[in-house]
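> Contents of query16.pdb (PDB, C-alpha atoms) are below:
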ATOM      1  CA  MET A   1       0.000   0.000   0.000
ATOM      2  CA  GLU A   2       1.323   3.422  -0.929
ATOM      3  CA  SER A   3       1.784   5.972   1.778
ATOM      4  CA  PRO A   4      -0.911   8.636   1.932
ATOM      5  CA  LEU A   5       0.007  12.118   0.821
ATOM      6  CA  PRO A   6       0.357  14.876   3.409
ATOM      7  CA  THR A   7      -2.035  17.795   3.722
ATOM      8  CA  PHE A   8      -1.001  21.313   2.660
ATOM      9  CA  THR A   9      -1.704  24.561   4.483
ATOM     10  CA  PHE A  10      -1.942  27.923   2.737
ATOM     11  CA  ARG A  11      -2.026  31.478   3.994
ATOM     12  CA  PRO A  12      -4.139  34.127   2.218
ATOM     13  CA  ILE A  13      -2.151  36.740   0.281
ATOM     14  CA  GLY A  14      -5.092  39.116   0.127
ATOM     15  CA  ARG A  15      -8.830  39.465   0.031
ATOM     16  CA  VAL A  16     -11.624  40.392  -2.350
ATOM     17  CA  HIS A  17     -13.835  43.440  -2.005
ATOM     18  CA  SER A  18     -17.019  42.617  -3.870
ATOM     19  CA  PRO A  19     -20.590  43.895  -4.164
ATOM     20  CA  TYR A  20     -21.869  40.460  -3.090
ATOM     21  CA  LYS A  21     -22.498  40.065   0.616
ATOM     22  CA  GLU A  22     -24.387  36.770   0.456
ATOM     23  CA  THR A  23     -24.165  33.652  -1.695
ATOM     24  CA  ARG A  24     -27.661  34.079  -3.162
ATOM     25  CA  GLU A  25     -26.649  37.415  -4.723
ATOM     26  CA  VAL A  26     -24.002  35.825  -6.973
ATOM     27  CA  PRO A  27     -25.365  35.049 -10.493
ATOM     28  CA  LYS A  28     -25.523  31.289 -11.103
ATOM     29  CA  GLY A  29     -26.695  28.783 -13.644
ATOM     30  CA  LEU A  30     -26.869  28.705 -17.439
ATOM     31  CA  GLY A  31     -25.851  31.948 -19.070
ATOM     32  CA  ALA A  32     -24.901  33.595 -15.767
ATOM     33  CA  GLN A  33     -22.790  36.661 -16.451
ATOM     34  CA  HIS A  34     -20.064  37.715 -14.086
ATOM     35  CA  ARG A  35     -19.535  41.347 -14.969
ATOM     36  CA  ALA A  36     -19.376  42.812 -11.483
ATOM     37  CA  ASP A  37     -16.513  45.115 -10.613
ATOM     38  CA  GLY A  38     -14.558  44.717  -7.423
ATOM     39  CA  THR A  39     -11.065  44.970  -6.026
ATOM     40  CA  ILE A  40      -8.439  42.540  -4.862
ATOM     41  CA  GLU A  41      -6.432  43.886  -1.957
ATOM     42  CA  ILE A  42      -3.017  42.257  -1.664
ATOM     43  CA  PHE A  43      -1.545  42.345   1.832
ATOM     44  CA  PRO A  44       1.490  44.626   2.248
ATOM     45  CA  GLU A  45       4.025  41.825   2.700
ATOM     46  CA  TYR A  46       3.230  40.491  -0.791
ATOM     47  CA  GLU A  47       3.045  43.779  -2.710
ATOM     48  CA  GLU A  48       6.407  43.193  -4.403
ATOM     49  CA  GLY A  49       4.849  40.163  -6.101
ATOM     50  CA  LEU A  50       2.645  42.514  -8.158
ATOM     51  CA  LEU A  51       5.584  43.978 -10.127
ATOM     52  CA  ASP A  52       4.538  44.150 -13.808
ATOM     53  CA  VAL A  53       1.165  42.505 -13.222
ATOM     54  CA  GLU A  54      -0.511  45.532 -14.807
ATOM     55  CA  GLY A  55       0.726  44.428 -18.230
ATOM     56  CA  PHE A  56      -1.736  41.553 -18.259
ATOM     57  CA  SER A  57      -5.350  42.040 -19.285
ATOM     58  CA  HIS A  58      -6.604  39.003 -17.369
ATOM     59  CA  LEU A  59      -5.569  37.150 -14.240
ATOM     60  CA  TYR A  60      -6.392  33.827 -12.669
ATOM     61  CA  VAL A  61      -7.497  34.286  -9.084
ATOM     62  CA  LEU A  62      -7.194  31.238  -6.827
ATOM     63  CA  TRP A  63      -9.399  31.688  -3.796
ATOM     64  CA  VAL A  64     -11.224  29.856  -1.033
ATOM     65  CA  PHE A  65     -14.947  29.130  -0.814
ATOM     66  CA  ASP A  66     -14.770  30.096   2.856
ATOM     67  CA  ARG A  67     -18.565  30.176   3.313
ATOM     68  CA  ALA A  68     -19.560  27.063   1.378
ATOM     69  CA  GLY A  69     -20.736  25.205   4.462
ATOM     70  CA  ALA A  70     -19.978  21.617   5.426
ATOM     71  CA  PRO A  71     -18.822  19.213   2.707
ATOM     72  CA  PRO A  72     -21.679  17.191   1.199
ATOM     73  CA  GLU A  73     -22.101  13.470   1.845
ATOM     74  CA  THR A  74     -21.677  12.577  -1.809
ATOM     75  CA  TRP A  75     -19.362  13.916  -4.504
ATOM     76  CA  SER A  76     -22.032  14.375  -7.127
ATOM     77  CA  GLY A  77     -24.963  16.733  -7.241
ATOM     78  CA  THR A  78     -27.326  18.702  -9.457
ATOM     79  CA  PRO A  79     -25.898  22.107 -10.390
ATOM     80  CA  PRO A  80     -28.038  25.229 -11.000
ATOM     81  CA  ALA A  81     -27.360  24.921 -14.737
ATOM     82  CA  ASP A  82     -28.997  21.498 -15.125
ATOM     83  CA  ASP A  83     -31.709  19.174 -13.853
ATOM     84  CA  ARG A  84     -29.534  16.082 -13.477
ATOM     85  CA  PRO A  85     -26.563  15.202 -11.265
ATOM     86  CA  HIS A  86     -22.887  15.430 -12.209
ATOM     87  CA  GLY A  87     -19.650  14.781 -10.352
ATOM     88  CA  VAL A  88     -18.129  17.749  -8.529
ATOM     89  CA  PHE A  89     -15.026  17.583 -10.729
ATOM     90  CA  ALA A  90     -17.316  18.152 -13.745
ATOM     91  CA  THR A  91     -18.895  21.251 -12.133
ATOM     92  CA  ARG A  92     -17.874  24.517 -10.492
ATOM     93  CA  SER A  93     -19.837  23.691  -7.322
ATOM     94  CA  PRO A  94     -18.436  25.305  -4.148
ATOM     95  CA  ARG A  95     -19.140  22.109  -2.227
ATOM     96  CA  ARG A  96     -16.120  20.071  -3.249
ATOM     97  CA  PRO A  97     -13.440  18.021  -1.456
ATOM     98  CA  ASN A  98     -11.179  21.072  -1.206
ATOM     99  CA  PRO A  99     -13.091  24.385  -1.273
ATOM    100  CA  LEU A 100     -10.723  25.880  -3.850
ATOM    101  CA  ALA A 101     -12.102  28.274  -6.439
ATOM    102  CA  LEU A 102     -10.758  29.690  -9.672
ATOM    103  CA  THR A 103     -11.944  32.825 -11.433
ATOM    104  CA  VAL A 104     -10.578  34.643 -14.460
ATOM    105  CA  VAL A 105     -10.909  38.388 -13.945
ATOM    106  CA  GLU A 106     -10.177  41.300 -16.233
ATOM    107  CA  LEU A 107      -7.588  43.616 -14.728
ATOM    108  CA  LEU A 108      -8.818  47.183 -15.127
ATOM    109  CA  ARG A 109      -6.019  48.939 -13.293
ATOM    110  CA  ARG A 110      -3.620  48.690 -10.376
ATOM    111  CA  GLU A 111      -3.336  51.209  -7.558
ATOM    112  CA  GLY A 112      -0.454  50.141  -5.364
ATOM    113  CA  ARG A 113      -1.477  46.883  -3.772
ATOM    114  CA  VAL A 114      -5.106  47.149  -4.884
ATOM    115  CA  LEU A 115      -6.178  45.614  -8.182
ATOM    116  CA  HIS A 116      -9.378  46.911  -9.758
ATOM    117  CA  VAL A 117     -10.949  44.005 -11.601
ATOM    118  CA  ARG A 118     -14.061  43.061 -13.573
ATOM    119  CA  GLY A 119     -15.794  39.718 -13.387
ATOM    120  CA  VAL A 120     -15.841  39.001  -9.673
ATOM    121  CA  ASP A 121     -18.067  36.163  -8.488
ATOM    122  CA  MET A 122     -16.688  36.044  -4.953
ATOM    123  CA  LEU A 123     -18.343  37.191  -1.764
ATOM    124  CA  ASP A 124     -17.043  40.315  -0.083
ATOM    125  CA  GLY A 125     -14.069  39.478   2.132
ATOM    126  CA  THR A 126     -13.147  36.259   0.317
ATOM    127  CA  PRO A 127      -9.582  35.072   0.997
ATOM    128  CA  VAL A 128      -7.254  34.960  -2.023
ATOM    129  CA  LEU A 129      -4.430  32.401  -2.172
ATOM    130  CA  ASP A 130      -2.708  33.225  -5.449
ATOM    131  CA  LEU A 131      -2.770  35.281  -8.640
ATOM    132  CA  LYS A 132      -1.369  34.102 -11.960
ATOM    133  CA  PRO A 133      -1.204  35.728 -15.397
ATOM    134  CA  TYR A 134      -3.662  34.429 -17.993
ATOM    135  CA  LEU A 135      -1.454  33.540 -20.937
ATOM    136  CA  SER A 136      -3.327  31.536 -23.533
ATOM    137  CA  ASN A 137      -6.570  29.996 -24.710
ATOM    138  CA  ILE A 138      -7.512  26.529 -25.816
ATOM    139  CA  PRO A 139      -8.361  26.668 -29.557
ATOM    140  CA  ALA A 140     -12.162  26.972 -29.735
ATOM    141  CA  ASP A 141     -12.495  24.153 -32.269
ATOM    142  CA  GLN A 142     -10.870  21.760 -29.780
ATOM    143  CA  LEU A 143     -13.123  22.610 -26.862
ATOM    144  CA  ARG A 144     -15.911  20.267 -25.749
ATOM    145  CA  ARG A 145     -18.077  21.196 -22.776
ATOM    146  CA  GLY A 146     -19.916  17.936 -22.001
ATOM    147  CA  TRP A 147     -23.094  18.098 -19.944
ATOM    148  CA  LEU A 148     -23.077  21.903 -19.943
ATOM    149  CA  ALA A 149     -23.329  22.108 -23.745
ATOM    150  CA  GLU A 150     -26.081  19.471 -23.626
ATOM    151  CA  ALA A 151     -28.018  21.423 -20.995
ATOM    152  CA  GLU A 152     -27.719  24.596 -23.046
ATOM    153  CA  ALA A 153     -28.974  22.792 -26.167
ATOM    154  CA  ARG A 154     -31.956  21.362 -24.270
ATOM    155  CA  ARG A 155     -32.902  24.769 -22.967
ATOM    156  CA  LYS A 156     -32.841  26.277 -26.444
ATOM    157  CA  SER A 157     -34.953  23.526 -28.029
TER     158      SER A 157
ATOM    159  CA  MET B   1      -6.854  47.078  12.392
ATOM    160  CA  GLU B   2      -8.620  44.270  10.581
ATOM    161  CA  SER B   3      -8.302  40.776  11.941
ATOM    162  CA  PRO B   4      -5.939  38.534   9.977
ATOM    163  CA  LEU B   5      -7.460  35.818   7.832
ATOM    164  CA  PRO B   6      -7.091  32.191   8.921
ATOM    165  CA  THR B   7      -4.996  29.639   7.084
ATOM    166  CA  PHE B   8      -6.616  26.845   5.051
ATOM    167  CA  THR B   9      -5.591  23.210   4.920
ATOM    168  CA  PHE B  10      -6.270  20.962   1.933
ATOM    169  CA  ARG B  11      -6.036  17.212   1.416
ATOM    170  CA  PRO B  12      -4.930  15.780  -1.947
ATOM    171  CA  ILE B  13      -7.678  14.111  -3.981
ATOM    172  CA  GLY B  14      -5.200  12.280  -6.168
ATOM    173  CA  ARG B  15      -1.795  12.314  -7.733
ATOM    174  CA  VAL B  16      -0.111  12.762 -11.091
ATOM    175  CA  HIS B  17       1.817  10.068 -12.909
ATOM    176  CA  SER B  18       4.183  11.881 -15.232
ATOM    177  CA  PRO B  19       7.291  11.153 -17.303
ATOM    178  CA  TYR B  20       9.158  13.896 -15.389
ATOM    179  CA  LYS B  21      11.094  12.695 -12.370
ATOM    180  CA  GLU B  22      13.060  15.894 -11.762
ATOM    181  CA  THR B  23      12.348  19.594 -12.122
ATOM    182  CA  ARG B  24      15.054  20.139 -14.751
ATOM    183  CA  GLU B  25      13.272  17.730 -17.121
ATOM    184  CA  VAL B  26      10.145  19.909 -17.374
ATOM    185  CA  PRO B  27      10.216  22.237 -20.436
ATOM    186  CA  LYS B  28      10.473  25.886 -19.359
ATOM    187  CA  GLY B  29      10.865  29.341 -20.814
ATOM    188  CA  LEU B  30       9.709  31.065 -23.988
ATOM    189  CA  GLY B  31       7.903  28.773 -26.364
ATOM    190  CA  ALA B  32       8.051  25.796 -24.017
ATOM    191  CA  GLN B  33       5.594  23.150 -25.159
ATOM    192  CA  HIS B  34       3.806  20.942 -22.671
ATOM    193  CA  ARG B  35       2.693  18.024 -24.803
ATOM    194  CA  ALA B  36       3.647  15.185 -22.471
ATOM    195  CA  ASP B  37       1.100  12.497 -21.727
ATOM    196  CA  GLY B  38       0.449  11.314 -18.214
ATOM    197  CA  THR B  39      -2.319  10.176 -15.928
ATOM    198  CA  ILE B  40      -4.137  11.640 -12.978
ATOM    199  CA  GLU B  41      -5.091   9.013 -10.426
ATOM    200  CA  ILE B  42      -8.030  10.063  -8.271
ATOM    201  CA  PHE B  43      -8.176   8.350  -4.894
ATOM    202  CA  PRO B  44     -11.056   5.863  -4.463
ATOM    203  CA  GLU B  45     -13.018   7.995  -1.978
ATOM    204  CA  TYR B  46     -13.401  10.763  -4.579
ATOM    205  CA  GLU B  47     -14.188   8.628  -7.655
ATOM    206  CA  GLU B  48     -17.876   9.617  -7.617
ATOM    207  CA  GLY B  49     -16.773  13.204  -8.263
ATOM    208  CA  LEU B  50     -15.637  12.171 -11.762
ATOM    209  CA  LEU B  51     -19.197  11.464 -12.983
ATOM    210  CA  ASP B  52     -19.545  12.976 -16.497
ATOM    211  CA  VAL B  53     -16.061  14.478 -16.486
ATOM    212  CA  GLU B  54     -15.319  12.589 -19.704
ATOM    213  CA  GLY B  55     -17.603  14.962 -21.620
ATOM    214  CA  PHE B  56     -15.064  17.763 -21.276
ATOM    215  CA  SER B  57     -12.115  18.068 -23.625
ATOM    216  CA  HIS B  58      -9.992  20.076 -21.167
ATOM    217  CA  LEU B  59      -9.690  20.290 -17.402
ATOM    218  CA  TYR B  60      -8.094  22.666 -14.968
ATOM    219  CA  VAL B  61      -5.816  20.797 -12.585
ATOM    220  CA  LEU B  62      -5.050  22.552  -9.295
ATOM    221  CA  TRP B  63      -1.965  21.008  -7.760
ATOM    222  CA  VAL B  64       0.877  21.614  -5.330
ATOM    223  CA  PHE B  65       4.484  22.483  -6.155
ATOM    224  CA  ASP B  66       5.531  20.018  -3.455
ATOM    225  CA  ARG B  67       9.222  20.058  -4.468
ATOM    226  CA  ALA B  68       9.725  23.777  -5.076
ATOM    227  CA  GLY B  69      12.071  24.239  -2.129
ATOM    228  CA  ALA B  70      12.009  26.988   0.466
ATOM    229  CA  PRO B  71      10.155  30.215  -0.335
ATOM    230  CA  PRO B  72      12.450  32.922  -1.720
ATOM    231  CA  GLU B  73      13.376  36.018   0.255
ATOM    232  CA  THR B  74      11.769  38.355  -2.225
ATOM    233  CA  TRP B  75       8.546  38.119  -4.217
ATOM    234  CA  SER B  76      10.068  39.071  -7.536
ATOM    235  CA  GLY B  77      12.562  37.242  -9.692
ATOM    236  CA  THR B  78      13.807  36.631 -13.210
ATOM    237  CA  PRO B  79      11.863  33.866 -14.962
ATOM    238  CA  PRO B  80      13.387  31.513 -17.575
ATOM    239  CA  ALA B  81      11.431  33.369 -20.297
ATOM    240  CA  ASP B  82      13.096  36.721 -19.720
ATOM    241  CA  ASP B  83      16.264  38.481 -18.622
ATOM    242  CA  ARG B  84      14.649  40.917 -16.185
ATOM    243  CA  PRO B  85      12.747  40.493 -12.924
ATOM    244  CA  HIS B  86       8.963  40.387 -12.508
ATOM    245  CA  GLY B  87       6.661  39.886  -9.537
ATOM    246  CA  VAL B  88       5.656  36.305  -8.762
ATOM    247  CA  PHE B  89       2.002  37.146  -9.429
ATOM    248  CA  ALA B  90       3.009  38.134 -12.975
ATOM    249  CA  THR B  91       4.788  34.797 -13.542
ATOM    250  CA  ARG B  92       4.162  31.064 -13.243
ATOM    251  CA  SER B  93       7.166  30.603 -10.942
ATOM    252  CA  PRO B  94       6.852  27.667  -8.515
ATOM    253  CA  ARG B  95       8.473  29.761  -5.772
ATOM    254  CA  ARG B  96       5.447  31.781  -4.678
ATOM    255  CA  PRO B  97       3.774  32.614  -1.354
ATOM    256  CA  ASN B  98       1.513  29.584  -1.666
ATOM    257  CA  PRO B  99       2.980  26.797  -3.819
ATOM    258  CA  LEU B 100      -0.257  26.361  -5.755
ATOM    259  CA  ALA B 101      -0.101  25.454  -9.434
ATOM    260  CA  LEU B 102      -2.609  25.465 -12.243
ATOM    261  CA  THR B 103      -2.397  23.500 -15.470
ATOM    262  CA  VAL B 104      -4.895  23.053 -18.297
ATOM    263  CA  VAL B 105      -4.723  19.493 -19.598
ATOM    264  CA  GLU B 106      -6.472  17.818 -22.482
ATOM    265  CA  LEU B 107      -8.542  14.861 -21.305
ATOM    266  CA  LEU B 108      -7.830  11.947 -23.632
ATOM    267  CA  ARG B 109      -9.951   9.330 -21.871
ATOM    268  CA  ARG B 110     -11.107   8.094 -18.503
ATOM    269  CA  GLU B 111     -10.581   4.596 -17.162
ATOM    270  CA  GLY B 112     -12.405   4.372 -13.854
ATOM    271  CA  ARG B 113     -10.595   6.692 -11.478
ATOM    272  CA  VAL B 114      -7.639   7.231 -13.811
ATOM    273  CA  LEU B 115      -7.687  10.120 -16.260
ATOM    274  CA  HIS B 116      -5.372   9.913 -19.254
ATOM    275  CA  VAL B 117      -4.332  13.446 -20.084
ATOM    276  CA  ARG B 118      -2.042  15.410 -22.425
ATOM    277  CA  GLY B 119      -0.107  18.478 -21.435
ATOM    278  CA  VAL B 120       1.330  17.527 -18.074
ATOM    279  CA  ASP B 121       4.051  19.753 -16.648
ATOM    280  CA  MET B 122       4.036  18.213 -13.194
ATOM    281  CA  LEU B 123       6.622  15.955 -11.624
ATOM    282  CA  ASP B 124       5.759  12.310 -11.095
ATOM    283  CA  GLY B 125       3.834  11.848  -7.863
ATOM    284  CA  THR B 126       2.605  15.456  -7.651
ATOM    285  CA  PRO B 127      -0.374  15.917  -5.289
ATOM    286  CA  VAL B 128      -3.593  17.122  -6.924
ATOM    287  CA  LEU B 129      -6.063  19.242  -4.946
ATOM    288  CA  ASP B 130      -8.901  19.788  -7.413
ATOM    289  CA  LEU B 131     -10.140  19.326 -10.965
ATOM    290  CA  LYS B 132     -12.530  21.696 -12.718
ATOM    291  CA  PRO B 133     -14.049  21.710 -16.209
ATOM    292  CA  TYR B 134     -12.564  24.201 -18.677
ATOM    293  CA  LEU B 135     -15.590  26.091 -19.940
ATOM    294  CA  SER B 136     -14.595  29.173 -21.892
ATOM    295  CA  ASN B 137     -11.862  31.332 -23.374
ATOM    296  CA  ILE B 138     -11.093  34.991 -23.134
ATOM    297  CA  PRO B 139     -11.637  36.550 -26.590
ATOM    298  CA  ALA B 140      -8.204  36.691 -28.220
ATOM    299  CA  ASP B 141      -8.566  40.342 -29.223
ATOM    300  CA  GLN B 142      -8.988  41.284 -25.553
ATOM    301  CA  LEU B 143      -5.921  39.448 -24.303
ATOM    302  CA  ARG B 144      -2.740  41.315 -23.346
ATOM    303  CA  ARG B 145       0.260  39.382 -22.058
ATOM    304  CA  GLY B 146       2.497  42.106 -20.645
ATOM    305  CA  TRP B 147       6.173  41.364 -20.140
ATOM    306  CA  LEU B 148       5.846  37.952 -21.781
ATOM    307  CA  ALA B 149       4.714  39.425 -25.106
ATOM    308  CA  GLU B 150       7.541  41.972 -24.851
ATOM    309  CA  ALA B 151      10.124  39.263 -24.188
ATOM    310  CA  GLU B 152       8.865  37.262 -27.165
ATOM    311  CA  ALA B 153       9.061  40.357 -29.402
ATOM    312  CA  ARG B 154      12.632  41.090 -28.252
ATOM    313  CA  ARG B 155      13.712  37.549 -29.007
ATOM    314  CA  LYS B 156      12.318  37.729 -32.533
ATOM    315  CA  SER B 157      13.905  41.087 -33.359
TER     316      SER B 157
END
Could you write out this file's structure as structure tokens?

Amino acid sequence: MESPLPTFTFRPIGRVHSPYKETREVPKGLGAQHRADGTIEIFPEYEEGLLDVEGFSHLYVLWVFDRAGAPPETWSGTPPADDRPHGVFATRSPRRPNPLALTVVELLRREGRVLHVRGVDMLDGTPVLDLKPYLSNIPADQLRRGWLAEAEARRKS
Amino acid sequence: MESPLPTFTFRPIGRVHSPYKETREVPKGLGAQHRADGTIEIFPEYEEGLLDVEGFSHLYVLWVFDRAGAPPETWSGTPPADDRPHGVFATRSPRRPNPLALTVVELLRREGRVLHVRGVDMLDGTPVLDLKPYLSNIPADQLRRGWLAEAEARRKS
């Protein structure tokens, strides 16, 4: 039997300031648009890490679903975008084994250690673990979106 | 003064099997191609979370740079793709405040709790924290890639 892997502990580098105070305010489901503006405040000790970030139009934000509640009893469920269950690794559900979230935001401008961004879907005060530059796309003709494309097609028909 | 945020602890959901045994084997720098095939083994207790994942052509893999060494003393450095320093949040450097990594892989096929994927840039045995479906691109005409685009232009000239 192989030895189990250790756990890993991470410390927030900053937090999100968002117009959303409660989960039900965040747009969800098919066709949900995340156009809200907000800011990402990076804590002073990490400000140096922002050098040259303003050259990028989009950033990946890795953050924590810190108000997602207790983990579910099963790892599949029915997302807002569909009427049938799917595995958590095939959805963006906040109720997953590790409450890690990923959002691509548009970087509008930087003011010191505050990033003004568009496309926030986080609650106000959400802890941020990392930022990374968005560098490239998957060619559109190679992209398949499984159950989500099927759910969209059903809704249109 | 605002209260500090807590830390967050995560447990691996699986691990990567990759052809790369050491960091120096992983392609890096300008124009590096990540075309290597590998597998992601999801641990049995999370297999249900894979339901319908095979409908997606690409997945985000959130993983841990578990062999990145001690954190650096400063949060900026010179990446392999350039000859001048940039902040860690403007690079993909493994030496960052939280050693979290993000890779988009192409899902070739699923066999039970093993995903055969293309595009691995992880070392063999790397702990995986989460998988998410890749759903959409940023329109190419809206994408700016800062220092990286500048470094590429300098190399060509």
> Could you check the closest approach to chain A for each of B:Arg109, B:Arg67, B:His34, B:Lys132 and tell me which residue wins, using only C-alpha atoms?
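Looking only at the distances to chain A, the closest residue turns out to be B:Lys132.
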> I'd like to know which of B:Ala70, B:Val26, B:Ile42, B:Leu100 is closest to chain A, using all atoms listed in the file.
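Smallest separation from chain A among the options: B:Leu100.
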> Please check which residues have atoms at most 12 Å from (-27.1, 20.9, -15.7) in the file's coordinates, counting only C-alpha atoms, and write them as JSON, numbers by chain.
{"A": [28, 29, 30, 31, 76, 77, 78, 79, 80, 81, 82, 83, 84, 85, 86, 87, 88, 90, 91, 92, 93, 145, 146, 147, 148, 149, 150, 151, 152, 153, 154, 155], "B": [52]}
> Using all atoms listed in the file, I'd like a table of the residues in chain A that come within 6 Å of chain B; for each, show the closest atom pair and its distance in Å rounded to one decimal, ordered by chain and ascending number, as a Markdown table.

| residue | atom | partner | partner_atom | distance |
| --- | --- | --- | --- | --- |
| A:Thr7 | CA | B:Arg11 | CA | 4.7 |
| A:Phe8 | CA | B:Phe10 | CA | 5.3 |
| A:Thr9 | CA | B:Thr9 | CA | 4.1 |
| A:Phe10 | CA | B:Phe8 | CA | 5.3 |
| A:Arg11 | CA | B:Thr7 | CA | 4.7 |
| A:Glu48 | CA | B:Trp75 | CA | 5.5 |
| A:Gly49 | CA | B:Gly87 | CA | 3.9 |
| A:Leu50 | CA | B:Gly87 | CA | 5.0 |
| A:Leu51 | CA | B:Gly87 | CA | 4.3 |
| A:Asp52 | CA | B:His86 | CA | 6.0 |
| A:Val53 | CA | B:Ala90 | CA | 4.8 |
| A:Gly55 | CA | B:Gly146 | CA | 3.8 |
| A:Phe56 | CA | B:Arg145 | CA | 4.8 |
| A:Ser57 | CA | B:Arg144 | CA | 4.9 |
| A:Trp75 | CA | B:Gly49 | CA | 4.6 |
| A:Ser76 | CA | B:Gly49 | CA | 5.5 |
| A:His86 | CA | B:Leu51 | CA | 5.5 |
| A:Gly87 | CA | B:Gly49 | CA | 3.9 |
| A:Val88 | CA | B:Gly49 | CA | 4.8 |
| A:Phe89 | CA | B:Leu131 | CA | 5.2 |
| A:Ala90 | CA | B:Val53 | CA | 4.8 |
| A:Asn98 | CA | B:Phe10 | CA | 5.8 |
| A:Leu131 | CA | B:Phe89 | CA | 5.2 |
| A:Lys132 | CA | B:Phe89 | CA | 5.2 |
| A:Pro133 | CA | B:Ala90 | CA | 5.4 |
| A:Asn137 | CA | B:Asn137 | CA | 5.6 |
| A:Leu143 | CA | B:Ser57 | CA | 5.7 |
| A:Arg144 | CA | B:Ser57 | CA | 4.9 |
| A:Arg145 | CA | B:Phe56 | CA | 4.8 |
| A:Gly146 | CA | B:Gly55 | CA | 3.8 |
> What does the distance between CA of Thr39 in chain B and CA of Ser18 in chain B come to in Å, to one decimal place?
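We find that CA of Thr39 in chain B and CA of Ser18 in chain B lie 6.8 Å from each other.
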> Which one of B:Asp121, B:Glu73, B:Glu25, B:Glu41 sits closest to Arg95 in chain B if you count all atoms listed in the file?
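Between B:Asp121, B:Glu73, B:Glu25, B:Glu41, the residue approaching Arg95 in chain B most closely is B:Glu73.
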> To one decimal in Å, tell me the separation between CA of Pro44 in chain A and CA of Arg110 in chain A.
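Result for CA of Pro44 in chain A versus CA of Arg110 in chain A: 14.2 Å, one decimal.
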> Taking (0.8, 15.3, -18.3) in the file's coordinates, which residues come within 8 Å, counting all atoms listed in the file, written as a list in words?
Val16, His17, Ser18, Pro19, His34, Arg35, Ala36, Asp37, Gly38, Thr39, Val105, Val117, Arg118, Gly119, Val120, Asp121 and Met122 of chain B
> Write the residues of the preceding selection, restricted to C-alpha atoms, as a compact mmCIF listing (two decimals), in the coordinates of the input.

# COMPACT_ATOMS: atom_id res chain seq x y z
CA VAL B 16 -0.11 12.76 -11.09
CA HIS B 17 1.82 10.07 -12.91
CA SER B 18 4.18 11.88 -15.23
CA PRO B 19 7.29 11.15 -17.30
CA HIS B 34 3.81 20.94 -22.67
CA ARG B 35 2.69 18.02 -24.80
CA ALA B 36 3.65 15.18 -22.47
CA ASP B 37 1.10 12.50 -21.73
CA GLY B 38 0.45 11.31 -18.21
CA THR B 39 -2.32 10.18 -15.93
CA VAL B 105 -4.72 19.49 -19.60
CA VAL B 117 -4.33 13.45 -20.08
CA ARG B 118 -2.04 15.41 -22.42
CA GLY B 119 -0.11 18.48 -21.44
CA VAL B 120 1.33 17.53 -18.07
CA ASP B 121 4.05 19.75 -16.65
CA MET B 122 4.04 18.21 -13.19
> Quick one: distance from CA of Phe65 in chain B to CA of Trp63 in chain A in Å, one decimal?
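Taking CA of Phe65 in chain B as the start and CA of Trp63 in chain A as the end point, the length is 16.8 Å.
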> Please supply range 96-104 of chain A, rebuilt with N, CA, C and O atoms, as an mmCIF file, in the frame of the given file.

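Result saved to part-v5.cif:
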data_model
loop_
_atom_site.group_PDB
_atom_site.id
_atom_site.type_symbol
_atom_site.label_atom_id
_atom_site.label_comp_id
_atom_site.auth_asym_id
_atom_site.auth_seq_id
_atom_site.Cartn_x
_atom_site.Cartn_y
_atom_site.Cartn_z
ATOM 1 N N ARG A 96 -17.027 21.026 -2.654
ATOM 2 C CA ARG A 96 -16.120 20.071 -3.249
ATOM 3 C C ARG A 96 -15.107 19.609 -2.201
ATOM 4 O O ARG A 96 -15.019 20.212 -1.130
ATOM 5 N N PRO A 97 -14.360 18.547 -2.477
ATOM 6 C CA PRO A 97 -13.440 18.021 -1.456
ATOM 7 C C PRO A 97 -12.528 19.096 -0.853
ATOM 8 O O PRO A 97 -12.382 19.176 0.359
ATOM 9 N N ASN A 98 -11.925 19.912 -1.684
ATOM 10 C CA ASN A 98 -11.179 21.072 -1.206
ATOM 11 C C ASN A 98 -11.890 22.316 -1.730
ATOM 12 O O ASN A 98 -12.084 22.448 -2.940
ATOM 13 N N PRO A 99 -12.302 23.229 -0.843
ATOM 14 C CA PRO A 99 -13.091 24.385 -1.273
ATOM 15 C C PRO A 99 -12.244 25.443 -1.988
ATOM 16 O O PRO A 99 -12.200 26.600 -1.595
ATOM 17 N N LEU A 100 -11.568 24.994 -3.050
ATOM 18 C CA LEU A 100 -10.723 25.880 -3.850
ATOM 19 C C LEU A 100 -11.523 26.392 -5.028
ATOM 20 O O LEU A 100 -12.246 25.632 -5.675
ATOM 21 N N ALA A 101 -11.374 27.664 -5.339
ATOM 22 C CA ALA A 101 -12.102 28.274 -6.439
ATOM 23 C C ALA A 101 -11.126 28.953 -7.383
ATOM 24 O O ALA A 101 -10.012 29.334 -6.984
ATOM 25 N N LEU A 102 -11.585 29.117 -8.621
ATOM 26 C CA LEU A 102 -10.758 29.690 -9.672
ATOM 27 C C LEU A 102 -11.623 30.628 -10.491
ATOM 28 O O LEU A 102 -12.674 30.230 -10.979
ATOM 29 N N THR A 103 -11.207 31.854 -10.622
ATOM 30 C CA THR A 103 -11.944 32.825 -11.433
ATOM 31 C C THR A 103 -10.956 33.561 -12.328
ATOM 32 O O THR A 103 -9.867 33.917 -11.873
ATOM 33 N N VAL A 104 -11.355 33.779 -13.575
ATOM 34 C CA VAL A 104 -10.578 34.643 -14.460
ATOM 35 C C VAL A 104 -11.200 36.035 -14.389
ATOM 36 O O VAL A 104 -12.385 36.202 -14.664
#
